[in-house]
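**Q** One structure coming up, written as structure tokens, with questions to follow.
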There are 2 protein chains.
Amino acid sequence: MVNQSKIDMPSDEIIFDIAELFKVFGDSTRMRIICALRENELCVGDIAEITNMTASAISHQLRILKQAKLVKYRKEGKIVYYSLDDDHVVQIFNKGREHIEEV
Amino acid sequence: MVNQSKIDMPSDEIIFDIAELFKVFGDSTRMRIICALRENELCVGDIAEITNMTASAISHQLRILKQAKLVKYRKEGKIVYYSLDDDHVVQIFNKGREHIEEV
DNA sequence: TTAATATATGAACAATTATTCAAATGAAAA
DNA sequence: TTTTCATTTGAATAATTGTTCATATATTAA
């Protein structure tokens, strides 16, 4: 038997949401999109060019990033500019990069 | 055409490794294991009890956490105690939790 | 209006993955 | 030794997921 009082276990819902958030970070294409958006806002076509992917594939991934509140967008005519939603996104990215680069 | 000089894009290998790292965080079971290990080291059976999973399922997930250098272990007879490998793990977890809980 | 461009969407396919179950280690106890 | 306990491992299955392709929507240009 374990002493459960020593364990600060968040609710199933919180755990699920945190895991879902990291799942969004857990894909190379989305990681490249996040990297590209660190300094500038970019439209779908530009992101597709930078990542060497089709605009369709990028659009699908942007939808996932949008749902996770990691990116936001603004429309200008037929162009849609995407940018990172807040500073957390870069902070999480940097923590991951630190772990990778110092092992 | 995009001005690529403005984009600090890590190498494909680094991007891949970062995505792989977050993929490991992107699972509820592994998230609960990490939570349980934040304060104490625990053996496989205890983790199984805390998470309501079979020891086999936990062992499979611990192997993944071990490969990602997120947990380490020590043996004492037939018992294997697992603990978090370094402070990064909790830091990444906390950043994720912050993002979830403040939206 | 029609044509062209940028983005989004839905279905389909291939690939990955978490859990279960059964069996195999490995270590201590009887 | 044999038994028991803790953990690991491999195969199988079900479920999830990223990309492609074709098509749809929306905006601007002609």
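Each chain in the structure tokens gets a letter, A, B and so on, in the order shown; residues start at 1 in every chain, and ligands are counted from 1 in the order they appear.
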For chain B, list the residues within 7 Å of chain C, counting only C-alpha atoms (C1' of nucleotides), and write the list as JSON, numbers by chain.

**A** {"B": [57, 77, 78]}

**Q** If you keep N, CA and C atoms, can you produce a file of those selected residues as a tab-separated table (two decimals), in the first residue's frame?

**A**
chain	number	residue	atom	x	y	z
B	57	ALA	N	1.41	-2.69	-17.97
B	57	ALA	CA	1.22	-1.43	-18.72
B	57	ALA	C	2.19	-0.36	-18.21
B	77	GLY	N	17.02	-5.67	-4.50
B	77	GLY	CA	16.46	-7.01	-4.60
B	77	GLY	C	15.61	-7.12	-5.84
B	78	LYS	N	14.38	-7.59	-5.64
B	78	LYS	CA	13.52	-7.71	-6.82
B	78	LYS	C	12.67	-6.47	-7.07

**Q** If chain A is fitted onto chain B by least squares over all C-alpha atoms, taken pair by pair in sequence order, what do its new coordinates look like as a PDB file with N, CA and C atoms, in the first residue's frame?

**A**
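Written out: superposed.pdb:
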ATOM      1  N   MET A   1       7.844  34.788 -51.708  1.00  0.00           N
ATOM      2  CA  MET A   1       9.118  34.361 -51.093  1.00  0.00           C
ATOM      3  C   MET A   1       9.277  34.924 -49.685  1.00  0.00           C
ATOM      4  N   VAL A   2       9.689  34.101 -48.794  1.00  0.00           N
ATOM      5  CA  VAL A   2       9.852  34.500 -47.402  1.00  0.00           C
ATOM      6  C   VAL A   2      11.306  34.872 -47.134  1.00  0.00           C
ATOM      7  N   ASN A   3      11.498  35.807 -46.249  1.00  0.00           N
ATOM      8  CA  ASN A   3      12.850  36.145 -45.807  1.00  0.00           C
ATOM      9  C   ASN A   3      13.302  35.112 -44.776  1.00  0.00           C
ATOM     10  N   GLN A   4      14.013  34.116 -45.261  1.00  0.00           N
ATOM     11  CA  GLN A   4      14.378  32.996 -44.392  1.00  0.00           C
ATOM     12  C   GLN A   4      15.391  33.389 -43.320  1.00  0.00           C
ATOM     13  N   SER A   5      16.093  34.491 -43.557  1.00  0.00           N
ATOM     14  CA  SER A   5      17.137  34.884 -42.607  1.00  0.00           C
ATOM     15  C   SER A   5      16.540  35.279 -41.254  1.00  0.00           C
ATOM     16  N   LYS A   6      15.250  35.593 -41.267  1.00  0.00           N
ATOM     17  CA  LYS A   6      14.625  35.987 -40.002  1.00  0.00           C
ATOM     18  C   LYS A   6      14.201  34.787 -39.175  1.00  0.00           C
ATOM     19  N   ILE A   7      14.354  33.591 -39.744  1.00  0.00           N
ATOM     20  CA  ILE A   7      13.829  32.412 -39.067  1.00  0.00           C
ATOM     21  C   ILE A   7      14.952  31.527 -38.543  1.00  0.00           C
ATOM     22  N   ASP A   8      14.976  31.379 -37.222  1.00  0.00           N
ATOM     23  CA  ASP A   8      15.977  30.545 -36.574  1.00  0.00           C
ATOM     24  C   ASP A   8      15.428  29.129 -36.461  1.00  0.00           C
ATOM     25  N   MET A   9      15.583  28.383 -37.547  1.00  0.00           N
ATOM     26  CA  MET A   9      15.021  27.026 -37.577  1.00  0.00           C
ATOM     27  C   MET A   9      16.099  26.008 -37.223  1.00  0.00           C
ATOM     28  N   PRO A  10      15.909  25.292 -36.097  1.00  0.00           N
ATOM     29  CA  PRO A  10      16.881  24.255 -35.728  1.00  0.00           C
ATOM     30  C   PRO A  10      16.928  23.159 -36.795  1.00  0.00           C
ATOM     31  N   SER A  11      17.957  22.369 -36.758  1.00  0.00           N
ATOM     32  CA  SER A  11      18.112  21.282 -37.734  1.00  0.00           C
ATOM     33  C   SER A  11      16.954  20.294 -37.615  1.00  0.00           C
ATOM     34  N   ASP A  12      16.757  19.550 -38.692  1.00  0.00           N
ATOM     35  CA  ASP A  12      15.711  18.520 -38.690  1.00  0.00           C
ATOM     36  C   ASP A  12      15.875  17.569 -37.515  1.00  0.00           C
ATOM     37  N   GLU A  13      17.132  17.263 -37.202  1.00  0.00           N
ATOM     38  CA  GLU A  13      17.383  16.302 -36.122  1.00  0.00           C
ATOM     39  C   GLU A  13      16.951  16.865 -34.761  1.00  0.00           C
ATOM     40  N   ILE A  14      17.310  18.130 -34.527  1.00  0.00           N
ATOM     41  CA  ILE A  14      16.913  18.767 -33.262  1.00  0.00           C
ATOM     42  C   ILE A  14      15.397  18.857 -33.170  1.00  0.00           C
ATOM     43  N   ILE A  15      14.784  19.319 -34.251  1.00  0.00           N
ATOM     44  CA  ILE A  15      13.316  19.405 -34.271  1.00  0.00           C
ATOM     45  C   ILE A  15      12.692  18.052 -33.969  1.00  0.00           C
ATOM     46  N   PHE A  16      13.214  17.034 -34.629  1.00  0.00           N
ATOM     47  CA  PHE A  16      12.692  15.681 -34.415  1.00  0.00           C
ATOM     48  C   PHE A  16      12.828  15.262 -32.955  1.00  0.00           C
ATOM     49  N   ASP A  17      13.995  15.520 -32.372  1.00  0.00           N
ATOM     50  CA  ASP A  17      14.227  15.116 -30.982  1.00  0.00           C
ATOM     51  C   ASP A  17      13.321  15.866 -30.013  1.00  0.00           C
ATOM     52  N   ILE A  18      13.110  17.148 -30.267  1.00  0.00           N
ATOM     53  CA  ILE A  18      12.224  17.922 -29.393  1.00  0.00           C
ATOM     54  C   ILE A  18      10.799  17.380 -29.498  1.00  0.00           C
ATOM     55  N   ALA A  19      10.364  17.124 -30.725  1.00  0.00           N
ATOM     56  CA  ALA A  19       9.014  16.579 -30.914  1.00  0.00           C
ATOM     57  C   ALA A  19       8.884  15.222 -30.222  1.00  0.00           C
ATOM     58  N   GLU A  20       9.908  14.392 -30.350  1.00  0.00           N
ATOM     59  CA  GLU A  20       9.876  13.075 -29.685  1.00  0.00           C
ATOM     60  C   GLU A  20       9.765  13.225 -28.178  1.00  0.00           C
ATOM     61  N   LEU A  21      10.493  14.210 -27.629  1.00  0.00           N
ATOM     62  CA  LEU A  21      10.423  14.453 -26.189  1.00  0.00           C
ATOM     63  C   LEU A  21       9.001  14.810 -25.762  1.00  0.00           C
ATOM     64  N   PHE A  22       8.385  15.750 -26.483  1.00  0.00           N
ATOM     65  CA  PHE A  22       7.032  16.165 -26.104  1.00  0.00           C
ATOM     66  C   PHE A  22       6.027  15.040 -26.319  1.00  0.00           C
ATOM     67  N   LYS A  23       6.294  14.188 -27.314  1.00  0.00           N
ATOM     68  CA  LYS A  23       5.420  13.046 -27.545  1.00  0.00           C
ATOM     69  C   LYS A  23       5.357  12.176 -26.276  1.00  0.00           C
ATOM     70  N   VAL A  24       6.485  12.064 -25.588  1.00  0.00           N
ATOM     71  CA  VAL A  24       6.512  11.259 -24.371  1.00  0.00           C
ATOM     72  C   VAL A  24       5.622  11.892 -23.292  1.00  0.00           C
ATOM     73  N   PHE A  25       5.611  13.220 -23.239  1.00  0.00           N
ATOM     74  CA  PHE A  25       4.734  13.914 -22.289  1.00  0.00           C
ATOM     75  C   PHE A  25       3.264  13.826 -22.722  1.00  0.00           C
ATOM     76  N   GLY A  26       3.021  13.485 -23.975  1.00  0.00           N
ATOM     77  CA  GLY A  26       1.672  13.579 -24.509  1.00  0.00           C
ATOM     78  C   GLY A  26       0.822  12.337 -24.300  1.00  0.00           C
ATOM     79  N   ASP A  27       0.857  11.797 -23.118  1.00  0.00           N
ATOM     80  CA  ASP A  27       0.048  10.614 -22.813  1.00  0.00           C
ATOM     81  C   ASP A  27      -0.371  10.670 -21.349  1.00  0.00           C
ATOM     82  N   SER A  28      -1.639  10.470 -21.078  1.00  0.00           N
ATOM     83  CA  SER A  28      -2.173  10.609 -19.721  1.00  0.00           C
ATOM     84  C   SER A  28      -1.495   9.675 -18.732  1.00  0.00           C
ATOM     85  N   THR A  29      -1.271   8.448 -19.129  1.00  0.00           N
ATOM     86  CA  THR A  29      -0.646   7.490 -18.202  1.00  0.00           C
ATOM     87  C   THR A  29       0.759   7.941 -17.826  1.00  0.00           C
ATOM     88  N   ARG A  30       1.538   8.343 -18.826  1.00  0.00           N
ATOM     89  CA  ARG A  30       2.906   8.789 -18.513  1.00  0.00           C
ATOM     90  C   ARG A  30       2.889  10.072 -17.700  1.00  0.00           C
ATOM     91  N   MET A  31       1.896  10.929 -17.976  1.00  0.00           N
ATOM     92  CA  MET A  31       1.761  12.168 -17.207  1.00  0.00           C
ATOM     93  C   MET A  31       1.480  11.838 -15.744  1.00  0.00           C
ATOM     94  N   ARG A  32       0.639  10.846 -15.486  1.00  0.00           N
ATOM     95  CA  ARG A  32       0.324  10.459 -14.108  1.00  0.00           C
ATOM     96  C   ARG A  32       1.533   9.844 -13.428  1.00  0.00           C
ATOM     97  N   ILE A  33       2.306   9.078 -14.200  1.00  0.00           N
ATOM     98  CA  ILE A  33       3.530   8.507 -13.626  1.00  0.00           C
ATOM     99  C   ILE A  33       4.473   9.637 -13.208  1.00  0.00           C
ATOM    100  N   ILE A  34       4.650  10.603 -14.078  1.00  0.00           N
ATOM    101  CA  ILE A  34       5.538  11.734 -13.766  1.00  0.00           C
ATOM    102  C   ILE A  34       5.034  12.478 -12.541  1.00  0.00           C
ATOM    103  N   CYS A  35       3.729  12.707 -12.479  1.00  0.00           N
ATOM    104  CA  CYS A  35       3.145  13.373 -11.310  1.00  0.00           C
ATOM    105  C   CYS A  35       3.439  12.605 -10.034  1.00  0.00           C
ATOM    106  N   ALA A  36       3.252  11.310 -10.084  1.00  0.00           N
ATOM    107  CA  ALA A  36       3.440  10.477  -8.889  1.00  0.00           C
ATOM    108  C   ALA A  36       4.890  10.506  -8.431  1.00  0.00           C
ATOM    109  N   LEU A  37       5.807  10.663  -9.371  1.00  0.00           N
ATOM    110  CA  LEU A  37       7.235  10.626  -9.021  1.00  0.00           C
ATOM    111  C   LEU A  37       7.789  11.991  -8.630  1.00  0.00           C
ATOM    112  N   ARG A  38       6.940  13.029  -8.616  1.00  0.00           N
ATOM    113  CA  ARG A  38       7.469  14.359  -8.320  1.00  0.00           C
ATOM    114  C   ARG A  38       8.049  14.462  -6.919  1.00  0.00           C
ATOM    115  N   GLU A  39       7.398  13.803  -5.949  1.00  0.00           N
ATOM    116  CA  GLU A  39       7.838  13.937  -4.559  1.00  0.00           C
ATOM    117  C   GLU A  39       8.646  12.739  -4.060  1.00  0.00           C
ATOM    118  N   ASN A  40       8.306  11.541  -4.570  1.00  0.00           N
ATOM    119  CA  ASN A  40       8.935  10.337  -4.036  1.00  0.00           C
ATOM    120  C   ASN A  40       9.379   9.414  -5.149  1.00  0.00           C
ATOM    121  N   GLU A  41      10.368   8.610  -4.872  1.00  0.00           N
ATOM    122  CA  GLU A  41      10.637   7.486  -5.764  1.00  0.00           C
ATOM    123  C   GLU A  41       9.617   6.422  -5.459  1.00  0.00           C
ATOM    124  N   LEU A  42       9.286   5.622  -6.452  1.00  0.00           N
ATOM    125  CA  LEU A  42       8.243   4.607  -6.290  1.00  0.00           C
ATOM    126  C   LEU A  42       8.614   3.374  -7.098  1.00  0.00           C
ATOM    127  N   CYS A  43       8.161   2.226  -6.634  1.00  0.00           N
ATOM    128  CA  CYS A  43       8.399   1.007  -7.405  1.00  0.00           C
ATOM    129  C   CYS A  43       7.232   0.795  -8.375  1.00  0.00           C
ATOM    130  N   VAL A  44       7.433  -0.128  -9.297  1.00  0.00           N
ATOM    131  CA  VAL A  44       6.457  -0.355 -10.369  1.00  0.00           C
ATOM    132  C   VAL A  44       5.073  -0.669  -9.816  1.00  0.00           C
ATOM    133  N   GLY A  45       5.046  -1.535  -8.815  1.00  0.00           N
ATOM    134  CA  GLY A  45       3.763  -1.932  -8.239  1.00  0.00           C
ATOM    135  C   GLY A  45       3.016  -0.767  -7.618  1.00  0.00           C
ATOM    136  N   ASP A  46       3.759   0.108  -6.935  1.00  0.00           N
ATOM    137  CA  ASP A  46       3.126   1.291  -6.335  1.00  0.00           C
ATOM    138  C   ASP A  46       2.558   2.212  -7.406  1.00  0.00           C
ATOM    139  N   ILE A  47       3.325   2.419  -8.457  1.00  0.00           N
ATOM    140  CA  ILE A  47       2.842   3.285  -9.536  1.00  0.00           C
ATOM    141  C   ILE A  47       1.597   2.689 -10.168  1.00  0.00           C
ATOM    142  N   ALA A  48       1.600   1.366 -10.323  1.00  0.00           N
ATOM    143  CA  ALA A  48       0.428   0.696 -10.892  1.00  0.00           C
ATOM    144  C   ALA A  48      -0.791   0.916  -9.998  1.00  0.00           C
ATOM    145  N   GLU A  49      -0.567   0.831  -8.681  1.00  0.00           N
ATOM    146  CA  GLU A  49      -1.678   1.018  -7.738  1.00  0.00           C
ATOM    147  C   GLU A  49      -2.214   2.455  -7.824  1.00  0.00           C
ATOM    148  N   ILE A  50      -1.295   3.409  -7.802  1.00  0.00           N
ATOM    149  CA  ILE A  50      -1.687   4.818  -7.823  1.00  0.00           C
ATOM    150  C   ILE A  50      -2.440   5.176  -9.090  1.00  0.00           C
ATOM    151  N   THR A  51      -2.020   4.616 -10.194  1.00  0.00           N
ATOM    152  CA  THR A  51      -2.615   4.994 -11.481  1.00  0.00           C
ATOM    153  C   THR A  51      -3.748   4.063 -11.895  1.00  0.00           C
ATOM    154  N   ASN A  52      -4.023   3.044 -11.088  1.00  0.00           N
ATOM    155  CA  ASN A  52      -5.048   2.060 -11.465  1.00  0.00           C
ATOM    156  C   ASN A  52      -4.782   1.406 -12.809  1.00  0.00           C
ATOM    157  N   MET A  53      -3.514   1.046 -13.012  1.00  0.00           N
ATOM    158  CA  MET A  53      -3.164   0.340 -14.253  1.00  0.00           C
ATOM    159  C   MET A  53      -2.460  -0.960 -13.870  1.00  0.00           C
ATOM    160  N   THR A  54      -2.333  -1.869 -14.803  1.00  0.00           N
ATOM    161  CA  THR A  54      -1.584  -3.097 -14.539  1.00  0.00           C
ATOM    162  C   THR A  54      -0.091  -2.779 -14.474  1.00  0.00           C
ATOM    163  N   ALA A  55       0.652  -3.622 -13.751  1.00  0.00           N
ATOM    164  CA  ALA A  55       2.102  -3.433 -13.662  1.00  0.00           C
ATOM    165  C   ALA A  55       2.734  -3.551 -15.045  1.00  0.00           C
ATOM    166  N   SER A  56       2.158  -4.396 -15.865  1.00  0.00           N
ATOM    167  CA  SER A  56       2.688  -4.560 -17.217  1.00  0.00           C
ATOM    168  C   SER A  56       2.586  -3.268 -18.021  1.00  0.00           C
ATOM    169  N   ALA A  57       1.420  -2.679 -17.999  1.00  0.00           N
ATOM    170  CA  ALA A  57       1.227  -1.420 -18.739  1.00  0.00           C
ATOM    171  C   ALA A  57       2.192  -0.355 -18.221  1.00  0.00           C
ATOM    172  N   ILE A  58       2.353  -0.279 -16.905  1.00  0.00           N
ATOM    173  CA  ILE A  58       3.257   0.702 -16.317  1.00  0.00           C
ATOM    174  C   ILE A  58       4.696   0.427 -16.728  1.00  0.00           C
ATOM    175  N   SER A  59       5.070  -0.848 -16.716  1.00  0.00           N
ATOM    176  CA  SER A  59       6.424  -1.198 -17.100  1.00  0.00           C
ATOM    177  C   SER A  59       6.717  -0.780 -18.536  1.00  0.00           C
ATOM    178  N   HIS A  60       5.749  -1.010 -19.403  1.00  0.00           N
ATOM    179  CA  HIS A  60       5.915  -0.557 -20.799  1.00  0.00           C
ATOM    180  C   HIS A  60       6.138   0.948 -20.854  1.00  0.00           C
ATOM    181  N   GLN A  61       5.351   1.689 -20.113  1.00  0.00           N
ATOM    182  CA  GLN A  61       5.466   3.156 -20.158  1.00  0.00           C
ATOM    183  C   GLN A  61       6.762   3.623 -19.506  1.00  0.00           C
ATOM    184  N   LEU A  62       7.180   2.932 -18.444  1.00  0.00           N
ATOM    185  CA  LEU A  62       8.445   3.309 -17.793  1.00  0.00           C
ATOM    186  C   LEU A  62       9.625   3.133 -18.751  1.00  0.00           C
ATOM    187  N   ARG A  63       9.527   2.130 -19.597  1.00  0.00           N
ATOM    188  CA  ARG A  63      10.592   1.933 -20.585  1.00  0.00           C
ATOM    189  C   ARG A  63      10.696   3.151 -21.516  1.00  0.00           C
ATOM    190  N   ILE A  64       9.547   3.648 -21.925  1.00  0.00           N
ATOM    191  CA  ILE A  64       9.534   4.821 -22.804  1.00  0.00           C
ATOM    192  C   ILE A  64      10.093   6.044 -22.080  1.00  0.00           C
ATOM    193  N   LEU A  65       9.702   6.204 -20.813  1.00  0.00           N
ATOM    194  CA  LEU A  65      10.201   7.331 -20.020  1.00  0.00           C
ATOM    195  C   LEU A  65      11.705   7.228 -19.789  1.00  0.00           C
ATOM    196  N   LYS A  66      12.179   5.992 -19.625  1.00  0.00           N
ATOM    197  CA  LYS A  66      13.596   5.737 -19.420  1.00  0.00           C
ATOM    198  C   LYS A  66      14.374   6.090 -20.684  1.00  0.00           C
ATOM    199  N   GLN A  67      13.880   5.642 -21.832  1.00  0.00           N
ATOM    200  CA  GLN A  67      14.554   5.922 -23.111  1.00  0.00           C
ATOM    201  C   GLN A  67      14.661   7.419 -23.359  1.00  0.00           C
ATOM    202  N   ALA A  68      13.661   8.164 -22.902  1.00  0.00           N
ATOM    203  CA  ALA A  68      13.669   9.615 -23.104  1.00  0.00           C
ATOM    204  C   ALA A  68      14.460  10.326 -22.010  1.00  0.00           C
ATOM    205  N   LYS A  69      15.077   9.548 -21.140  1.00  0.00           N
ATOM    206  CA  LYS A  69      15.865  10.094 -20.028  1.00  0.00           C
ATOM    207  C   LYS A  69      15.030  10.983 -19.116  1.00  0.00           C
ATOM    208  N   LEU A  70      13.780  10.613 -18.926  1.00  0.00           N
ATOM    209  CA  LEU A  70      12.912  11.372 -18.025  1.00  0.00           C
ATOM    210  C   LEU A  70      12.857  10.728 -16.648  1.00  0.00           C
ATOM    211  N   VAL A  71      13.111   9.435 -16.579  1.00  0.00           N
ATOM    212  CA  VAL A  71      13.189   8.759 -15.280  1.00  0.00           C
ATOM    213  C   VAL A  71      14.468   7.934 -15.198  1.00  0.00           C
ATOM    214  N   LYS A  72      14.886   7.711 -13.968  1.00  0.00           N
ATOM    215  CA  LYS A  72      16.003   6.797 -13.741  1.00  0.00           C
ATOM    216  C   LYS A  72      15.540   5.767 -12.708  1.00  0.00           C
ATOM    217  N   TYR A  73      16.352   4.740 -12.447  1.00  0.00           N
ATOM    218  CA  TYR A  73      15.910   3.709 -11.511  1.00  0.00           C
ATOM    219  C   TYR A  73      17.081   3.136 -10.736  1.00  0.00           C
ATOM    220  N   ARG A  74      16.736   2.509  -9.635  1.00  0.00           N
ATOM    221  CA  ARG A  74      17.721   1.764  -8.867  1.00  0.00           C
ATOM    222  C   ARG A  74      17.053   0.486  -8.408  1.00  0.00           C
ATOM    223  N   LYS A  75      17.834  -0.576  -8.315  1.00  0.00           N
ATOM    224  CA  LYS A  75      17.276  -1.873  -7.937  1.00  0.00           C
ATOM    225  C   LYS A  75      17.609  -2.186  -6.501  1.00  0.00           C
ATOM    226  N   GLU A  76      16.657  -2.775  -5.816  1.00  0.00           N
ATOM    227  CA  GLU A  76      16.873  -3.234  -4.454  1.00  0.00           C
ATOM    228  C   GLU A  76      16.234  -4.619  -4.366  1.00  0.00           C
ATOM    229  N   GLY A  77      17.050  -5.632  -4.539  1.00  0.00           N
ATOM    230  CA  GLY A  77      16.492  -6.979  -4.622  1.00  0.00           C
ATOM    231  C   GLY A  77      15.639  -7.081  -5.863  1.00  0.00           C
ATOM    232  N   LYS A  78      14.416  -7.555  -5.668  1.00  0.00           N
ATOM    233  CA  LYS A  78      13.559  -7.682  -6.847  1.00  0.00           C
ATOM    234  C   LYS A  78      12.710  -6.439  -7.090  1.00  0.00           C
ATOM    235  N   ILE A  79      12.857  -5.476  -6.215  1.00  0.00           N
ATOM    236  CA  ILE A  79      12.103  -4.232  -6.365  1.00  0.00           C
ATOM    237  C   ILE A  79      12.907  -3.224  -7.181  1.00  0.00           C
ATOM    238  N   VAL A  80      12.237  -2.530  -8.098  1.00  0.00           N
ATOM    239  CA  VAL A  80      12.907  -1.491  -8.884  1.00  0.00           C
ATOM    240  C   VAL A  80      12.261  -0.150  -8.568  1.00  0.00           C
ATOM    241  N   TYR A  81      13.066   0.761  -8.042  1.00  0.00           N
ATOM    242  CA  TYR A  81      12.539   2.083  -7.688  1.00  0.00           C
ATOM    243  C   TYR A  81      12.829   3.076  -8.800  1.00  0.00           C
ATOM    244  N   TYR A  82      11.786   3.745  -9.237  1.00  0.00           N
ATOM    245  CA  TYR A  82      11.927   4.758 -10.287  1.00  0.00           C
ATOM    246  C   TYR A  82      11.819   6.155  -9.695  1.00  0.00           C
ATOM    247  N   SER A  83      12.560   7.083 -10.294  1.00  0.00           N
ATOM    248  CA  SER A  83      12.451   8.488  -9.886  1.00  0.00           C
ATOM    249  C   SER A  83      12.684   9.363 -11.100  1.00  0.00           C
ATOM    250  N   LEU A  84      12.337  10.643 -10.981  1.00  0.00           N
ATOM    251  CA  LEU A  84      12.534  11.564 -12.108  1.00  0.00           C
ATOM    252  C   LEU A  84      14.025  11.782 -12.324  1.00  0.00           C
ATOM    253  N   ASP A  85      14.420  11.885 -13.569  1.00  0.00           N
ATOM    254  CA  ASP A  85      15.838  11.954 -13.900  1.00  0.00           C
ATOM    255  C   ASP A  85      16.467  13.290 -13.543  1.00  0.00           C
ATOM    256  N   ASP A  86      15.766  14.388 -13.820  1.00  0.00           N
ATOM    257  CA  ASP A  86      16.285  15.696 -13.411  1.00  0.00           C
ATOM    258  C   ASP A  86      15.158  16.704 -13.284  1.00  0.00           C
ATOM    259  N   ASP A  87      15.511  17.932 -12.935  1.00  0.00           N
ATOM    260  CA  ASP A  87      14.494  18.933 -12.624  1.00  0.00           C
ATOM    261  C   ASP A  87      13.742  19.431 -13.865  1.00  0.00           C
ATOM    262  N   HIS A  88      14.350  19.260 -15.037  1.00  0.00           N
ATOM    263  CA  HIS A  88      13.675  19.657 -16.275  1.00  0.00           C
ATOM    264  C   HIS A  88      12.292  19.052 -16.418  1.00  0.00           C
ATOM    265  N   VAL A  89      12.193  17.805 -15.983  1.00  0.00           N
ATOM    266  CA  VAL A  89      10.947  17.076 -16.167  1.00  0.00           C
ATOM    267  C   VAL A  89       9.810  17.814 -15.479  1.00  0.00           C
ATOM    268  N   VAL A  90      10.050  18.194 -14.217  1.00  0.00           N
ATOM    269  CA  VAL A  90       9.018  18.918 -13.476  1.00  0.00           C
ATOM    270  C   VAL A  90       8.795  20.306 -14.090  1.00  0.00           C
ATOM    271  N   GLN A  91       9.880  20.920 -14.537  1.00  0.00           N
ATOM    272  CA  GLN A  91       9.740  22.258 -15.141  1.00  0.00           C
ATOM    273  C   GLN A  91       8.857  22.215 -16.384  1.00  0.00           C
ATOM    274  N   ILE A  92       9.075  21.226 -17.220  1.00  0.00           N
ATOM    275  CA  ILE A  92       8.258  21.105 -18.429  1.00  0.00           C
ATOM    276  C   ILE A  92       6.809  20.824 -18.039  1.00  0.00           C
ATOM    277  N   PHE A  93       6.626  19.910 -17.097  1.00  0.00           N
ATOM    278  CA  PHE A  93       5.282  19.612 -16.613  1.00  0.00           C
ATOM    279  C   PHE A  93       4.582  20.872 -16.116  1.00  0.00           C
ATOM    280  N   ASN A  94       5.301  21.658 -15.306  1.00  0.00           N
ATOM    281  CA  ASN A  94       4.695  22.865 -14.744  1.00  0.00           C
ATOM    282  C   ASN A  94       4.316  23.885 -15.813  1.00  0.00           C
ATOM    283  N   LYS A  95       5.162  24.047 -16.814  1.00  0.00           N
ATOM    284  CA  LYS A  95       4.846  24.981 -17.907  1.00  0.00           C
ATOM    285  C   LYS A  95       3.561  24.560 -18.615  1.00  0.00           C
ATOM    286  N   GLY A  96       3.432  23.258 -18.828  1.00  0.00           N
ATOM    287  CA  GLY A  96       2.215  22.760 -19.468  1.00  0.00           C
ATOM    288  C   GLY A  96       0.996  23.012 -18.594  1.00  0.00           C
ATOM    289  N   ARG A  97       1.162  22.746 -17.311  1.00  0.00           N
ATOM    290  CA  ARG A  97       0.052  22.944 -16.384  1.00  0.00           C
ATOM    291  C   ARG A  97      -0.366  24.412 -16.331  1.00  0.00           C
ATOM    292  N   GLU A  98       0.627  25.294 -16.314  1.00  0.00           N
ATOM    293  CA  GLU A  98       0.323  26.735 -16.331  1.00  0.00           C
ATOM    294  C   GLU A  98      -0.548  27.092 -17.527  1.00  0.00           C
ATOM    295  N   HIS A  99      -0.124  26.622 -18.681  1.00  0.00           N
ATOM    296  CA  HIS A  99      -0.874  26.962 -19.898  1.00  0.00           C
ATOM    297  C   HIS A  99      -2.315  26.466 -19.813  1.00  0.00           C
ATOM    298  N   ILE A 100      -2.475  25.243 -19.300  1.00  0.00           N
ATOM    299  CA  ILE A 100      -3.820  24.672 -19.179  1.00  0.00           C
ATOM    300  C   ILE A 100      -4.664  25.444 -18.182  1.00  0.00           C
ATOM    301  N   GLU A 101      -4.102  25.738 -17.028  1.00  0.00           N
ATOM    302  CA  GLU A 101      -4.927  26.248 -15.934  1.00  0.00           C
ATOM    303  C   GLU A 101      -5.248  27.727 -16.041  1.00  0.00           C
ATOM    304  N   GLU A 102      -4.577  28.422 -16.951  1.00  0.00           N
ATOM    305  CA  GLU A 102      -4.888  29.848 -17.024  1.00  0.00           C
ATOM    306  C   GLU A 102      -5.696  30.213 -18.257  1.00  0.00           C
ATOM    307  N   VAL A 103      -6.110  29.199 -19.012  1.00  0.00           N
ATOM    308  CA  VAL A 103      -6.957  29.520 -20.178  1.00  0.00           C
ATOM    309  C   VAL A 103      -8.430  29.493 -19.783  1.00  0.00           C
TER     310      VAL A 103
END

**Q** Restrict the distance test to only C-alpha atoms (C1' of nucleotides), flag each residue of chain D within 8 Å of chain A, and return the flagged residues as number ranges by chain.

**A** D: 19, 26-28

**Q** Determine which residues of chain A DSSP labels as alpha helix (DSSP H) from the backbone of this structure, then write them out as a PyMOL selection string.

**A** chain A and resi 12-25+28-36+44-51+55-67+87-101

**Q** Based on DSSP run over this structure's backbone, return all residues of chain B in strand (DSSP E or B), as JSON, numbers by chain.

**A** {"B": [42, 43, 71, 72, 73, 74, 75, 76, 79, 80, 81, 82, 83, 84]}
